[in-house]
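K.L.:
Sharing model.cif here; it has mmCIF, C-alpha atoms and all ligand atoms.
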data_model
#
loop_
_atom_site.label_atom_id
_atom_site.label_comp_id
_atom_site.auth_asym_id
_atom_site.auth_seq_id
_atom_site.Cartn_x
_atom_site.Cartn_y
_atom_site.Cartn_z
CA MET A 1 12.86 -25.71 -79.60
CA PHE A 2 16.34 -24.50 -80.56
CA THR A 3 16.67 -26.34 -83.86
CA ASN A 4 15.70 -23.46 -86.17
CA CYS A 5 17.26 -20.63 -84.34
CA SER A 6 20.38 -18.70 -85.16
CA LEU A 7 23.31 -18.69 -82.76
CA GLY A 8 22.55 -15.14 -81.61
CA HIS A 9 18.95 -16.02 -80.92
CA CYS A 10 20.02 -19.12 -79.02
CA HIS A 11 22.24 -17.07 -76.72
CA ILE A 12 19.38 -14.75 -75.88
CA VAL A 13 16.95 -17.61 -75.22
CA ILE A 14 19.44 -19.43 -72.96
CA ALA A 15 20.22 -16.20 -71.09
CA VAL A 16 16.50 -15.56 -70.53
CA ILE A 17 15.96 -19.12 -69.26
CA LEU A 18 18.96 -18.92 -66.90
CA TRP A 19 17.84 -15.53 -65.64
CA SER A 20 14.34 -16.72 -65.04
CA ILE A 21 15.64 -19.80 -63.19
CA CYS A 22 17.89 -17.57 -61.14
CA VAL A 23 15.10 -15.08 -60.28
CA ASP A 24 12.65 -17.85 -59.61
CA SER A 25 14.95 -19.74 -57.28
CA ARG A 26 15.84 -16.50 -55.56
CA LYS A 27 12.26 -15.59 -55.03
CA ILE A 28 10.79 -18.83 -53.74
CA ARG A 29 13.59 -19.70 -51.33
CA GLY A 30 12.74 -19.77 -47.64
CA ILE A 31 8.97 -19.43 -47.99
CA SER A 32 6.32 -21.85 -46.86
CA LEU A 33 3.61 -22.98 -49.22
CA SER A 34 0.99 -20.94 -47.39
CA TYR A 35 3.10 -17.75 -47.71
CA LYS A 36 3.70 -18.12 -51.43
CA ARG A 37 0.62 -16.02 -52.21
CA PHE A 38 2.44 -12.97 -50.77
CA TYR A 39 5.33 -13.43 -53.17
CA ARG A 40 3.75 -13.14 -56.64
CA GLU A 41 6.37 -12.56 -59.29
CA ARG A 42 6.32 -9.61 -61.67
CA LYS A 43 4.31 -7.57 -59.22
CA SER A 44 5.32 -5.18 -56.57
CA PHE A 45 5.93 -6.72 -53.22
CA LEU A 46 4.08 -5.45 -50.14
CA CYS A 47 6.02 -6.16 -46.96
CA ILE A 48 3.94 -8.65 -44.98
CA ASP A 49 3.45 -6.19 -42.12
CA GLY A 50 1.98 -3.85 -44.79
CA SER A 51 4.53 -1.15 -44.06
CA LYS A 52 6.12 -0.75 -47.48
CA MET A 53 5.72 -1.55 -51.17
CA ILE A 54 8.89 -2.44 -53.10
CA PRO A 55 9.56 -3.70 -56.64
CA PHE A 56 9.55 -7.46 -56.72
CA ASP A 57 13.15 -7.74 -57.85
CA GLN A 58 14.15 -6.38 -54.47
CA VAL A 59 12.88 -9.59 -52.87
CA ASN A 60 15.77 -11.80 -51.76
CA ASP A 61 18.27 -9.38 -53.30
CA ASP A 62 20.38 -9.53 -50.16
CA TYR A 63 19.30 -6.06 -49.07
CA CYS A 64 16.80 -5.60 -46.27
CA ASP A 65 13.91 -3.33 -47.29
CA CYS A 66 11.06 -4.40 -45.01
CA MET A 67 11.06 -3.71 -41.27
CA ASP A 68 9.66 -7.21 -40.66
CA GLY A 69 12.37 -8.84 -42.81
CA SER A 70 9.73 -10.35 -45.10
CA ASP A 71 11.49 -9.23 -48.32
CA GLU A 72 14.58 -11.33 -47.52
CA PRO A 73 13.35 -14.78 -46.45
CA GLY A 74 16.09 -16.49 -48.44
CA THR A 75 19.08 -14.35 -47.44
CA ALA A 76 20.69 -13.28 -44.20
CA ALA A 77 20.18 -9.57 -45.01
CA CYS A 78 17.42 -8.83 -42.46
CA PRO A 79 18.29 -9.36 -38.79
CA ASN A 80 14.72 -10.46 -38.02
CA GLY A 81 14.15 -12.51 -41.18
CA ARG A 82 13.23 -16.17 -41.04
CA PHE A 83 13.92 -18.93 -43.50
CA TYR A 84 11.51 -21.79 -44.04
CA CYS A 85 13.06 -25.26 -44.30
CA THR A 86 10.57 -27.34 -46.29
CA ASN A 87 12.35 -30.55 -45.26
CA LEU A 88 10.28 -32.82 -47.44
CA GLY A 89 9.97 -36.22 -45.74
CA TYR A 90 10.61 -34.77 -42.29
CA ARG A 91 9.44 -31.76 -40.27
CA SER A 92 9.23 -28.30 -41.83
CA HIS A 93 10.42 -25.50 -39.62
CA TYR A 94 11.76 -21.96 -39.63
CA ILE A 95 15.30 -20.92 -38.87
CA PRO A 96 16.54 -17.33 -38.42
CA SER A 97 17.66 -15.99 -41.81
CA SER A 98 21.04 -15.25 -40.28
CA ARG A 99 21.76 -18.97 -40.52
CA VAL A 100 21.31 -19.02 -44.30
CA ASN A 101 24.59 -19.82 -46.04
CA ASP A 102 26.53 -19.63 -42.80
CA GLY A 103 28.34 -22.90 -43.47
CA ILE A 104 26.22 -24.91 -41.05
CA CYS A 105 23.56 -27.29 -42.30
CA ASP A 106 20.37 -26.35 -40.45
CA CYS A 107 17.66 -27.68 -42.74
CA CYS A 108 17.78 -31.44 -43.29
CA ASP A 109 16.96 -30.81 -46.97
CA ALA A 110 20.15 -28.64 -47.18
CA SER A 111 18.09 -25.74 -48.57
CA ASP A 112 19.62 -23.18 -46.20
CA GLU A 113 23.13 -23.69 -47.60
CA TYR A 114 22.36 -23.11 -51.28
CA ARG A 115 25.33 -20.83 -51.82
CA SER A 116 27.83 -22.05 -49.28
CA GLN A 117 30.93 -24.21 -49.56
CA THR A 118 29.55 -26.70 -47.06
CA PRO A 119 28.37 -29.83 -48.80
CA CYS A 120 25.09 -30.46 -46.98
CA GLN A 121 23.32 -33.77 -47.58
CA ASN A 122 19.60 -34.16 -47.66
CA THR A 123 18.97 -36.29 -44.57
CA CYS A 124 15.24 -35.64 -44.29
CA ARG A 125 14.22 -39.04 -45.59
CA ASN A 126 16.36 -40.92 -43.04
CA LEU A 127 15.27 -38.65 -40.23
CA GLY A 128 11.65 -39.09 -41.22
CA GLN A 129 12.00 -42.87 -41.37
CA ARG A 130 13.68 -42.99 -37.96
CA GLU A 131 11.03 -40.77 -36.42
CA ARG A 132 8.21 -42.71 -37.99
CA ALA A 133 9.67 -45.94 -36.55
CA GLU A 134 9.93 -44.32 -33.12
CA VAL A 135 6.39 -42.99 -33.29
CA GLU A 136 5.14 -46.37 -34.44
CA GLY A 137 6.93 -48.02 -31.49
CA GLN A 138 5.44 -45.52 -29.07
CA THR A 139 2.02 -45.92 -30.61
CA ARG A 140 2.27 -49.70 -30.26
CA VAL A 141 3.26 -49.41 -26.57
CA LEU A 142 0.53 -46.87 -25.92
CA GLY A 143 -1.98 -49.08 -27.71
CA GLU A 144 -1.00 -51.99 -25.46
CA ARG A 145 -1.34 -49.82 -22.36
CA LEU A 146 -4.73 -48.55 -23.45
CA ARG A 147 -5.81 -52.15 -24.01
CA LEU A 148 -4.72 -53.00 -20.44
CA LYS A 149 -6.54 -49.92 -19.21
CA GLN A 150 -9.70 -51.13 -20.89
CA LEU A 151 -9.35 -54.54 -19.21
CA LEU A 152 -8.91 -52.89 -15.83
CA ILE A 153 -11.96 -50.70 -16.43
CA GLU A 154 -13.97 -53.81 -17.26
CA GLU A 155 -12.62 -55.53 -14.14
CA GLY A 156 -13.75 -52.46 -12.21
CA VAL A 157 -17.25 -52.68 -13.67
CA LEU A 158 -17.52 -56.33 -12.56
CA THR A 159 -16.15 -55.53 -9.09
CA TRP A 160 -18.61 -52.66 -8.78
CA ARG A 161 -21.52 -54.92 -9.66
CA GLU A 162 -20.29 -57.59 -7.24
CA LYS A 163 -20.03 -55.04 -4.45
CA GLN A 164 -23.53 -53.75 -5.18
CA ALA A 165 -24.87 -57.32 -5.07
CA GLN A 166 -22.93 -57.96 -1.86
CA LEU A 167 -24.47 -54.84 -0.35
CA ARG A 168 -27.97 -55.96 -1.30
CA ASP A 169 -27.31 -59.41 0.25
CA LEU A 170 -25.95 -57.89 3.43
CA GLN A 171 -28.94 -55.59 3.61
CA ARG A 172 -31.25 -58.60 3.38
CA VAL A 173 -29.28 -60.44 6.09
CA SER A 174 -29.41 -57.33 8.24
CA ASP A 175 -33.21 -57.05 7.81
CA ASP A 176 -33.60 -60.73 8.78
CA LEU A 177 -31.41 -60.28 11.81
CA GLN A 178 -33.39 -57.20 12.77
CA THR A 179 -36.61 -59.23 12.70
CA GLN A 180 -34.95 -62.00 14.73
CA LEU A 181 -33.70 -59.42 17.19
CA ASP A 182 -37.19 -58.02 17.71
CA ASP A 183 -38.52 -61.54 18.44
CA LEU A 184 -35.56 -62.50 20.62
CA ARG A 185 -35.78 -59.33 22.66
CA LYS A 186 -39.43 -60.06 23.41
CA GLU A 187 -38.61 -63.71 24.18
CA GLU A 188 -35.75 -62.74 26.45
CA ALA A 189 -37.89 -60.19 28.32
CA ARG A 190 -40.69 -62.75 28.68
CA ARG A 191 -38.37 -65.48 29.97
CA LYS A 192 -36.68 -63.10 32.36
CA GLU A 193 -39.97 -61.88 33.68
CA GLU A 194 -41.11 -65.49 34.14
CA ALA A 195 -37.96 -66.42 36.06
CA ASP A 196 -38.17 -63.22 38.13
CA SER A 197 -41.77 -63.74 39.05
CA LEU A 198 -41.15 -67.39 40.08
CA ARG A 199 -38.22 -66.23 42.13
CA GLU A 200 -40.19 -63.39 43.73
CA ARG A 201 -43.01 -65.74 44.55
CA GLU A 202 -40.58 -68.13 46.21
CA ILE A 203 -38.89 -65.32 48.05
CA GLY A 204 -42.30 -64.05 49.17
CA ALA A 205 -43.12 -67.52 50.51
CA ARG A 206 -39.84 -67.61 52.37
CA ASP A 207 -40.44 -64.08 53.63
CA THR A 208 -43.66 -65.21 55.23
CA ALA A 209 -41.84 -68.15 56.77
CA ASP A 210 -38.98 -65.97 57.91
CA ASN A 211 -41.35 -63.53 59.59
CA SER A 212 -42.77 -66.28 61.82
CA PRO A 213 -41.74 -65.93 65.45
CA THR A 214 -39.64 -69.09 65.14
CA SER A 215 -37.63 -67.89 62.10
CA PRO A 216 -34.01 -67.39 62.87
CA TYR A 217 -33.85 -64.73 60.09
CA ARG A 218 -36.41 -62.29 61.48
CA PRO A 219 -36.79 -59.30 61.23
CA GLU A 220 -34.82 -59.05 57.99
CA SER A 221 -36.92 -59.29 54.83
CA PRO A 222 -35.36 -61.82 52.42
CA ILE A 223 -36.65 -59.94 49.40
CA SER A 224 -35.05 -56.69 50.43
CA VAL A 225 -31.87 -58.45 51.51
CA PHE A 226 -31.74 -60.34 48.23
CA LYS A 227 -32.28 -57.20 46.23
CA GLU A 228 -29.79 -55.33 48.33
CA LEU A 229 -27.13 -57.99 47.83
CA ASP A 230 -27.86 -58.80 44.19
CA SER A 231 -26.30 -55.58 43.00
CA ASN A 232 -26.05 -56.60 39.37
CA ARG A 233 -29.68 -57.83 39.39
CA ASP A 234 -28.90 -61.14 37.76
CA GLY A 235 -31.02 -63.21 40.17
CA SER A 236 -28.10 -64.73 42.05
CA ILE A 237 -25.75 -63.50 44.69
CA THR A 238 -22.04 -63.93 44.33
CA VAL A 239 -19.36 -63.87 47.03
CA ASP A 240 -18.04 -60.63 45.55
CA GLU A 241 -21.45 -58.97 45.85
CA VAL A 242 -21.80 -60.00 49.50
CA GLN A 243 -18.23 -58.93 50.32
CA ALA A 244 -18.76 -55.61 48.58
CA LYS A 245 -21.98 -54.88 50.53
CA LEU A 246 -21.10 -56.19 53.96
CA SER A 247 -17.39 -55.44 54.41
CA PRO A 248 -16.69 -52.10 56.13
CA VAL A 249 -15.36 -49.66 53.61
CA GLN A 250 -11.55 -49.53 53.52
CA ASP A 251 -11.24 -51.73 56.58
CA GLU A 252 -9.34 -54.77 55.45
CA GLU A 253 -9.03 -56.09 58.97
CA HIS A 254 -12.80 -56.48 59.27
CA ALA A 255 -13.43 -57.44 55.68
CA LEU A 256 -15.54 -60.60 55.21
CA SER A 257 -13.70 -63.76 54.34
CA GLU A 258 -15.09 -65.77 51.45
CA ASP A 259 -16.66 -68.30 53.82
CA GLU A 260 -18.27 -65.60 55.93
CA ALA A 261 -19.65 -64.02 52.79
CA VAL A 262 -21.14 -67.35 51.66
CA ILE A 263 -22.79 -67.83 55.05
CA LYS A 264 -24.13 -64.27 55.20
CA GLY A 265 -25.35 -64.51 51.62
CA ARG A 266 -27.17 -67.72 52.33
CA ARG A 267 -28.57 -66.21 55.46
CA GLY A 268 -30.24 -63.38 53.54
CA VAL A 269 -31.47 -65.60 50.71
CA PRO A 270 -30.01 -68.90 49.69
CA GLY A 271 -27.04 -68.48 47.28
CA SER A 272 -29.29 -69.07 44.32
CA LEU A 273 -32.91 -70.02 44.53
CA ALA A 274 -32.42 -71.87 41.30
CA ASP A 275 -30.16 -74.33 43.07
CA GLU A 276 -33.05 -75.42 45.22
CA ASP A 277 -36.20 -75.15 43.09
CA PRO A 278 -36.40 -77.10 39.81
CA ASN A 279 -39.12 -74.82 38.41
CA ILE A 280 -37.04 -71.76 39.06
CA LYS A 281 -34.03 -73.59 37.73
CA ALA A 282 -35.82 -74.35 34.45
CA ALA A 283 -37.13 -70.78 34.15
CA VAL A 284 -33.71 -69.30 34.87
CA SER A 285 -31.99 -71.53 32.33
CA ALA A 286 -34.67 -70.68 29.72
CA ALA A 287 -34.06 -66.99 30.45
CA GLU A 288 -30.30 -67.51 30.19
CA LYS A 289 -30.69 -69.33 26.90
CA ALA A 290 -32.91 -66.54 25.54
CA ALA A 291 -30.32 -63.97 26.66
CA ALA A 292 -27.50 -65.99 25.00
CA ASP A 293 -29.52 -66.30 21.77
CA LEU A 294 -30.18 -62.59 21.83
CA LYS A 295 -26.50 -61.84 22.41
CA ARG A 296 -25.47 -64.11 19.53
CA VAL A 297 -27.85 -62.42 17.11
CA GLU A 298 -26.88 -58.97 18.42
CA ASP A 299 -23.23 -59.80 17.70
CA ALA A 300 -24.08 -61.07 14.21
CA TYR A 301 -26.13 -57.93 13.56
CA GLU A 302 -23.23 -55.76 14.73
CA THR A 303 -20.85 -57.59 12.34
CA VAL A 304 -23.21 -57.20 9.39
CA TYR A 305 -23.82 -53.57 10.30
CA MET A 306 -20.06 -52.90 10.19
CA GLU A 307 -19.69 -54.73 6.87
CA ILE A 308 -22.51 -52.66 5.36
CA ARG A 309 -20.95 -49.47 6.69
CA ASP A 310 -17.51 -50.37 5.25
CA LEU A 311 -18.98 -51.38 1.91
CA ARG A 312 -21.08 -48.22 1.64
CA GLU A 313 -18.02 -46.16 2.46
CA LYS A 314 -16.05 -47.99 -0.22
CA LEU A 315 -18.78 -47.54 -2.82
CA SER A 316 -19.06 -43.82 -2.04
CA ILE A 317 -15.46 -43.14 -3.17
CA ASP A 318 -14.88 -41.43 -6.53
CA TYR A 319 -12.96 -43.99 -8.61
CA GLY A 320 -12.74 -41.89 -11.77
CA SER A 321 -15.16 -41.09 -14.56
CA GLU A 322 -15.22 -44.75 -15.69
CA ARG A 323 -14.43 -46.16 -12.21
CA GLU A 324 -11.09 -46.98 -13.78
CA PHE A 325 -9.27 -46.71 -10.44
CA LEU A 326 -11.57 -49.08 -8.55
CA PHE A 327 -9.21 -52.00 -9.15
CA LEU A 328 -6.62 -50.23 -6.97
CA HIS A 329 -8.79 -50.55 -3.87
CA ASP A 330 -7.76 -53.48 -1.65
CA GLN A 331 -4.26 -53.48 -3.16
CA CYS A 332 -1.08 -52.16 -1.57
CA PHE A 333 2.21 -51.22 -3.26
CA GLN A 334 5.60 -51.09 -1.60
CA LEU A 335 8.92 -49.47 -2.41
CA LYS A 336 12.15 -49.49 -0.44
CA VAL A 337 13.99 -46.19 -0.46
CA TYR A 338 17.14 -46.02 1.67
CA GLU A 339 16.28 -47.37 5.12
CA TYR A 340 12.50 -47.06 4.74
CA ILE A 341 9.86 -49.28 3.21
CA TYR A 342 7.03 -47.14 1.93
CA GLU A 343 3.60 -48.64 1.42
CA LEU A 344 0.73 -47.09 -0.50
CA CYS A 345 -2.72 -48.63 -0.12
CA PRO A 346 -4.80 -46.53 -2.54
CA PHE A 347 -7.97 -45.00 -1.12
CA SER A 348 -6.83 -46.08 2.33
CA GLN A 349 -3.45 -44.97 3.65
CA VAL A 350 0.28 -44.43 3.19
CA THR A 351 2.88 -45.68 5.68
CA GLN A 352 6.62 -45.59 6.21
CA LYS A 353 8.33 -48.50 7.96
CA SER A 354 11.77 -47.89 9.36
CA ALA A 355 14.55 -50.47 9.72
CA SER A 356 13.61 -50.87 13.40
CA GLY A 357 10.10 -51.96 12.33
CA GLU A 358 8.37 -48.79 13.48
CA VAL A 359 5.43 -47.95 11.19
CA VAL A 360 4.54 -44.28 10.78
CA SER A 361 1.41 -43.01 9.02
CA LEU A 362 2.19 -40.67 6.13
CA GLY A 363 -1.48 -39.87 5.64
CA LYS A 364 -4.94 -41.28 5.16
CA TRP A 365 -6.93 -41.09 1.93
CA GLY A 366 -8.10 -37.55 1.42
CA SER A 367 -9.16 -36.67 -2.11
CA TRP A 368 -8.22 -36.36 -5.74
CA ALA A 369 -5.98 -33.37 -6.14
CA GLY A 370 -5.20 -32.88 -9.82
CA PRO A 371 -6.10 -29.69 -11.71
CA PRO A 372 -9.78 -29.20 -12.65
CA GLU A 373 -9.20 -30.46 -16.21
CA ASN A 374 -7.63 -33.69 -14.95
CA PRO A 375 -8.39 -34.24 -11.27
CA TYR A 376 -7.51 -37.96 -11.44
CA CYS A 377 -3.78 -37.45 -11.93
CA GLN A 378 -2.98 -36.77 -8.26
CA MET A 379 -4.14 -38.20 -4.94
CA ARG A 380 -3.82 -36.50 -1.58
CA TYR A 381 -3.32 -38.48 1.65
CA GLU A 382 -3.52 -36.29 4.73
CA SER A 383 -3.45 -36.15 8.53
CA GLY A 384 -0.66 -38.67 9.05
CA GLU A 385 1.58 -38.85 12.13
CA PRO A 386 2.62 -35.39 13.37
CA CYS A 387 6.21 -34.59 12.53
CA TRP A 388 8.59 -33.68 15.32
CA GLN A 389 8.81 -29.88 15.32
CA GLY A 390 7.12 -29.92 11.95
CA PRO A 391 3.78 -30.33 10.19
CA THR A 392 1.51 -33.36 10.10
CA ARG A 393 2.78 -35.90 7.58
CA ASN A 394 1.01 -35.70 4.19
CA THR A 395 1.58 -37.50 0.90
CA MET A 396 0.83 -36.48 -2.66
CA VAL A 397 0.64 -39.38 -5.12
CA MET A 398 1.21 -38.54 -8.77
CA LEU A 399 -0.33 -41.04 -11.20
CA ILE A 400 1.73 -41.68 -14.28
CA CYS A 401 1.15 -43.76 -17.40
CA GLY A 402 2.99 -47.10 -17.62
CA THR A 403 2.45 -50.75 -18.49
CA GLU A 404 2.75 -52.11 -14.95
CA THR A 405 0.87 -50.87 -11.92
CA ALA A 406 3.63 -50.15 -9.40
CA LEU A 407 5.03 -47.61 -6.99
CA ARG A 408 7.90 -46.01 -8.90
CA SER A 409 9.39 -43.36 -6.63
CA VAL A 410 9.11 -41.76 -3.22
CA LYS A 411 10.61 -38.41 -2.29
CA GLU A 412 10.43 -36.13 0.71
CA PRO A 413 10.96 -32.69 -0.89
CA SER A 414 10.27 -30.94 2.39
CA LYS A 415 10.23 -32.34 5.89
CA CYS A 416 7.38 -34.83 6.38
CA GLN A 417 5.79 -33.89 3.04
CA TYR A 418 6.08 -36.89 0.73
CA VAL A 419 5.60 -37.22 -3.01
CA MET A 420 5.12 -40.62 -4.65
CA GLU A 421 4.76 -41.75 -8.22
CA LEU A 422 2.30 -44.54 -8.89
CA GLN A 423 2.52 -45.90 -12.39
CA THR A 424 -0.49 -47.57 -13.99
CA PRO A 425 -1.92 -48.09 -17.48
CA VAL A 426 -5.17 -46.60 -16.19
CA SER A 427 -3.50 -43.18 -16.22
CA CYS A 428 -2.62 -43.45 -19.92
CA GLN A 429 -4.53 -41.21 -22.31
CA PRO A 430 -4.89 -41.64 -26.06
CA ALA A 431 -2.16 -39.49 -27.65
CA LEU A 432 -3.06 -36.22 -29.25
CA ARG A 433 -2.47 -36.44 -33.00
CA GLN A 434 1.29 -36.37 -33.65
CA ARG A 435 2.62 -33.34 -35.50
CA GLY A 436 2.58 -34.62 -39.06
CA ILE A 437 5.74 -35.25 -40.99
CA HIS A 438 5.82 -32.83 -43.84
CA SER A 439 5.14 -34.16 -47.30
CA GLU A 440 4.00 -31.07 -49.19
CA LEU A 441 5.91 -29.85 -52.16
C1 LIG A 501 11.37 -39.84 10.46
C2 LIG A 501 10.89 -40.08 9.05
C3 LIG A 501 11.39 -39.03 8.11
C4 LIG A 501 11.11 -37.65 8.65
C5 LIG A 501 11.60 -37.51 10.06
C6 LIG A 501 11.17 -36.15 10.64
O1 LIG A 501 12.72 -40.05 10.53
O2 LIG A 501 9.49 -40.06 9.09
O3 LIG A 501 10.82 -39.18 6.84
O4 LIG A 501 11.72 -36.64 7.86
O5 LIG A 501 11.06 -38.53 10.87
O6 LIG A 501 11.64 -35.99 11.92
#
How would this structure read if it were set down as structure tokens?
Ligand code: MAN
P.N.:
Amino acid sequence: MFTNCSLGHCHIVIAVILWSICVDSRKIRGISLSYKRFYRERKSFLCIDGSKMIPFDQVNDDYCDCMDGSDEPGTAACPNGRFYCTNLGYRSHYIPSSRVNDGICDCCDASDEYRSQTPCQNTCRNLGQRERAEVEGQTRVLGERLRLKQLLIEEGVLTWREKQAQLRDLQRVSDDLQTQLDDLRKEEARRKEEADSLREREIGARDTADNSPTSPYRPESPISVFKELDSNRDGSITVDEVQAKLSPVQDEEHALSEDEAVIKGRRGVPGSLADEDPNIKAAVSAAEKAAADLKRVEDAYETVYMEIRDLREKLSIDYGSEREFLFLHDQCFQLKVYEYIYELCPFSQVTQKSASGEVVSLGKWGSWAGPPENPYCQMRYESGEPCWQGPTRNTMVMLICGTETALRSVKEPSKCQYVMELQTPVSCQPALRQRGIHSEL
């Protein structure tokens, strides 16, 4: 290019090249790629706020012309100017223009100290590498946690299905027991009636005999005496029943002794007709057996009823949008803080055990309490033990992301109001896209 030129010409060409390099570097300094369109060379420059038009050579001339500082992005002339660090290989960012050439390296690509004595190194590549390694590490850990979360969600799905099947089985058992109960109730009533009628017939026969002029028991009617004495209507008369009926009220001196009560009881009606008549004995024992069978099935029905109620209650809880928190049910987590052992049983209760062994309720499962956009990040346990001269004890449980599921901290920020942190992979969320490391030119 310079081979055929005279020396004078060469000087001019070199001067033009140096000038253009100088102007160019002056003009593009401190501007982001997207802002370059506002800084077109060899045209007038319109301040970015539109307030003023200036000749282009007044851009970055170290004199502030624009109110918004946009004419001096690469110098410290405007108090409100900002300088763009391109930081190739790391993060781009703005710094106040006042930091340009102030002797301190602000941009990792050293671009802010282009005319200072400070020898700034370009450290962007190292910084970028370090950050990428960190991000990769975090991404790996998060990936592992999200994998665990997925396993727990799947475990929850299986548990949910099991519980549903369990509920259906219990419902079937309950229906069977209900049918048995209907039959046993009828059987028990029939047997009782049979025993009663045999007994009444026998008593009637004795009544007739007792009313004969020779009967030592006249004029008392055995039936009425029996009924009078048999206060619990179980077909037999006990010593207690006789004592209760025949002893003068609050007169211990004249109270019946046990022997007297036996005699008087036998005098009204023999102690138990069943003792004397085999037919009655058989009917009474059949009635007793029917009553025992009924009681057994009633107890079984009661147990199944409770199980169904508990299971329904459990299945009615909100375990998260994917039932991801279901696995926490039936588990308890403990943490010792100072003299107390705190225990959190999710969806059930929170307690505090003191060194003396006293267990105090810090609240029973209330509800999810996170903000509307993420309700599953906080749990509220309420209506615990009342606090002396204070409110009822309540606990807020904050769910945080972590690899293990464990109780991480317990605090009592105000009297009897507790805050716990429960860590679990289920509370981990896929990361929002990381701010990209800048690679534009
Ligand atoms: C107990 C504990 C404490 C609480 C006080 C309030 O000592 O339950 O956490 O602050 O009672 O009197």
K.L.:
With all atoms listed in the file as the counted atoms, please give the residues lying no more than 10 Å from A:Gly50, apart from itself and same-chain residues fewer than 2 positions off, as a ChimeraX atom specification.
P.N.:
/A:45-48,52-53,66-68
K.L.:
So what do you get for atom O4 of ligand LIG 501 (chain A) versus atom CA of A:Ser414, distance-wise?
P.N.:
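Atom CA of A:Ser414 lies at a distance of 8.0 Å from atom O4 of ligand LIG 501 (chain A).
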K.L.:
For ligand LIG 501 (chain A), list the contacting residues at 10 Å or closer, counting only C-alpha atoms and all ligand atoms, as a PyMOL selection string.
P.N.:
chain A and resi 339-340+351-354+358-362+385-391+393+411-418
K.L.:
Which of these residues is nearest to A:Val304, using only C-alpha atoms: A:Thr405, A:Gln171, A:Lys245, A:Ile237?
P.N.:
A:Gln171
K.L.:
What is the atom CA of A:Gln117 to atom CA of A:Tyr94 distance in Å?
P.N.:
21.7 Å
K.L.:
Any idea what's packed within 12 Å of A:Arg296, counting only C-alpha atoms, ignoring anything in its chain fewer than 4 positions away? Could you give it as a list in words?
P.N.:
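Here the answer would be Leu177, Gln180, Leu181, Leu184, Arg185, Lys289, Ala290, Ala291, Ala292, Ala300, Tyr301, Glu302 and Thr303 of chain A.
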K.L.:
Could you give me, as an mmCIF file with C-alpha atoms, keeping the file's coordinate frame, the residues within 12 Å of A:Thr123, counting all atoms listed in the file and dropping anything in the same chain fewer than 6 positions from it?
P.N.:
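And here's out_2.cif as it stands now:
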data_model
loop_
_atom_site.group_PDB
_atom_site.id
_atom_site.type_symbol
_atom_site.label_atom_id
_atom_site.label_comp_id
_atom_site.auth_asym_id
_atom_site.auth_seq_id
_atom_site.Cartn_x
_atom_site.Cartn_y
_atom_site.Cartn_z
ATOM 1 C CA ASN A 87 12.350 -30.550 -45.260
ATOM 2 C CA LEU A 88 10.280 -32.820 -47.440
ATOM 3 C CA GLY A 89 9.970 -36.220 -45.740
ATOM 4 C CA TYR A 90 10.610 -34.770 -42.290
ATOM 5 C CA ARG A 91 9.440 -31.760 -40.270
ATOM 6 C CA CYS A 105 23.560 -27.290 -42.300
ATOM 7 C CA ASP A 106 20.370 -26.350 -40.450
ATOM 8 C CA CYS A 107 17.660 -27.680 -42.740
ATOM 9 C CA CYS A 108 17.780 -31.440 -43.290
ATOM 10 C CA ASP A 109 16.960 -30.810 -46.970
ATOM 11 C CA ALA A 110 20.150 -28.640 -47.180
ATOM 12 C CA SER A 111 18.090 -25.740 -48.570
ATOM 13 C CA GLN A 129 12.000 -42.870 -41.370
ATOM 14 C CA ARG A 130 13.680 -42.990 -37.960
#
K.L.:
Write out as a short mmCIF file (atom, residue, chain, number, x, y, z; two decimals) with C-alpha atoms, in the frame of the given file the residues lying within 12 Å of A:Val59, counting only C-alpha atoms and excluding same-chain residues fewer than 4 positions away.
P.N.:
data_model
loop_
_atom_site.label_atom_id
_atom_site.label_comp_id
_atom_site.auth_asym_id
_atom_site.auth_seq_id
_atom_site.Cartn_x
_atom_site.Cartn_y
_atom_site.Cartn_z
CA VAL A 23 15.10 -15.08 -60.28
CA ASP A 24 12.65 -17.85 -59.61
CA SER A 25 14.95 -19.74 -57.28
CA ARG A 26 15.84 -16.50 -55.56
CA LYS A 27 12.26 -15.59 -55.03
CA ILE A 28 10.79 -18.83 -53.74
CA ARG A 29 13.59 -19.70 -51.33
CA GLY A 30 12.74 -19.77 -47.64
CA ILE A 31 8.97 -19.43 -47.99
CA PHE A 38 2.44 -12.97 -50.77
CA TYR A 39 5.33 -13.43 -53.17
CA ARG A 40 3.75 -13.14 -56.64
CA GLU A 41 6.37 -12.56 -59.29
CA ARG A 42 6.32 -9.61 -61.67
CA LYS A 43 4.31 -7.57 -59.22
CA SER A 44 5.32 -5.18 -56.57
CA PHE A 45 5.93 -6.72 -53.22
CA LEU A 46 4.08 -5.45 -50.14
CA CYS A 47 6.02 -6.16 -46.96
CA ILE A 48 3.94 -8.65 -44.98
CA MET A 53 5.72 -1.55 -51.17
CA ILE A 54 8.89 -2.44 -53.10
CA PRO A 55 9.56 -3.70 -56.64
CA TYR A 63 19.30 -6.06 -49.07
CA CYS A 64 16.80 -5.60 -46.27
CA ASP A 65 13.91 -3.33 -47.29
CA CYS A 66 11.06 -4.40 -45.01
CA GLY A 69 12.37 -8.84 -42.81
CA SER A 70 9.73 -10.35 -45.10
CA ASP A 71 11.49 -9.23 -48.32
CA GLU A 72 14.58 -11.33 -47.52
CA PRO A 73 13.35 -14.78 -46.45
CA GLY A 74 16.09 -16.49 -48.44
CA THR A 75 19.08 -14.35 -47.44
CA ALA A 77 20.18 -9.57 -45.01
CA CYS A 78 17.42 -8.83 -42.46
#
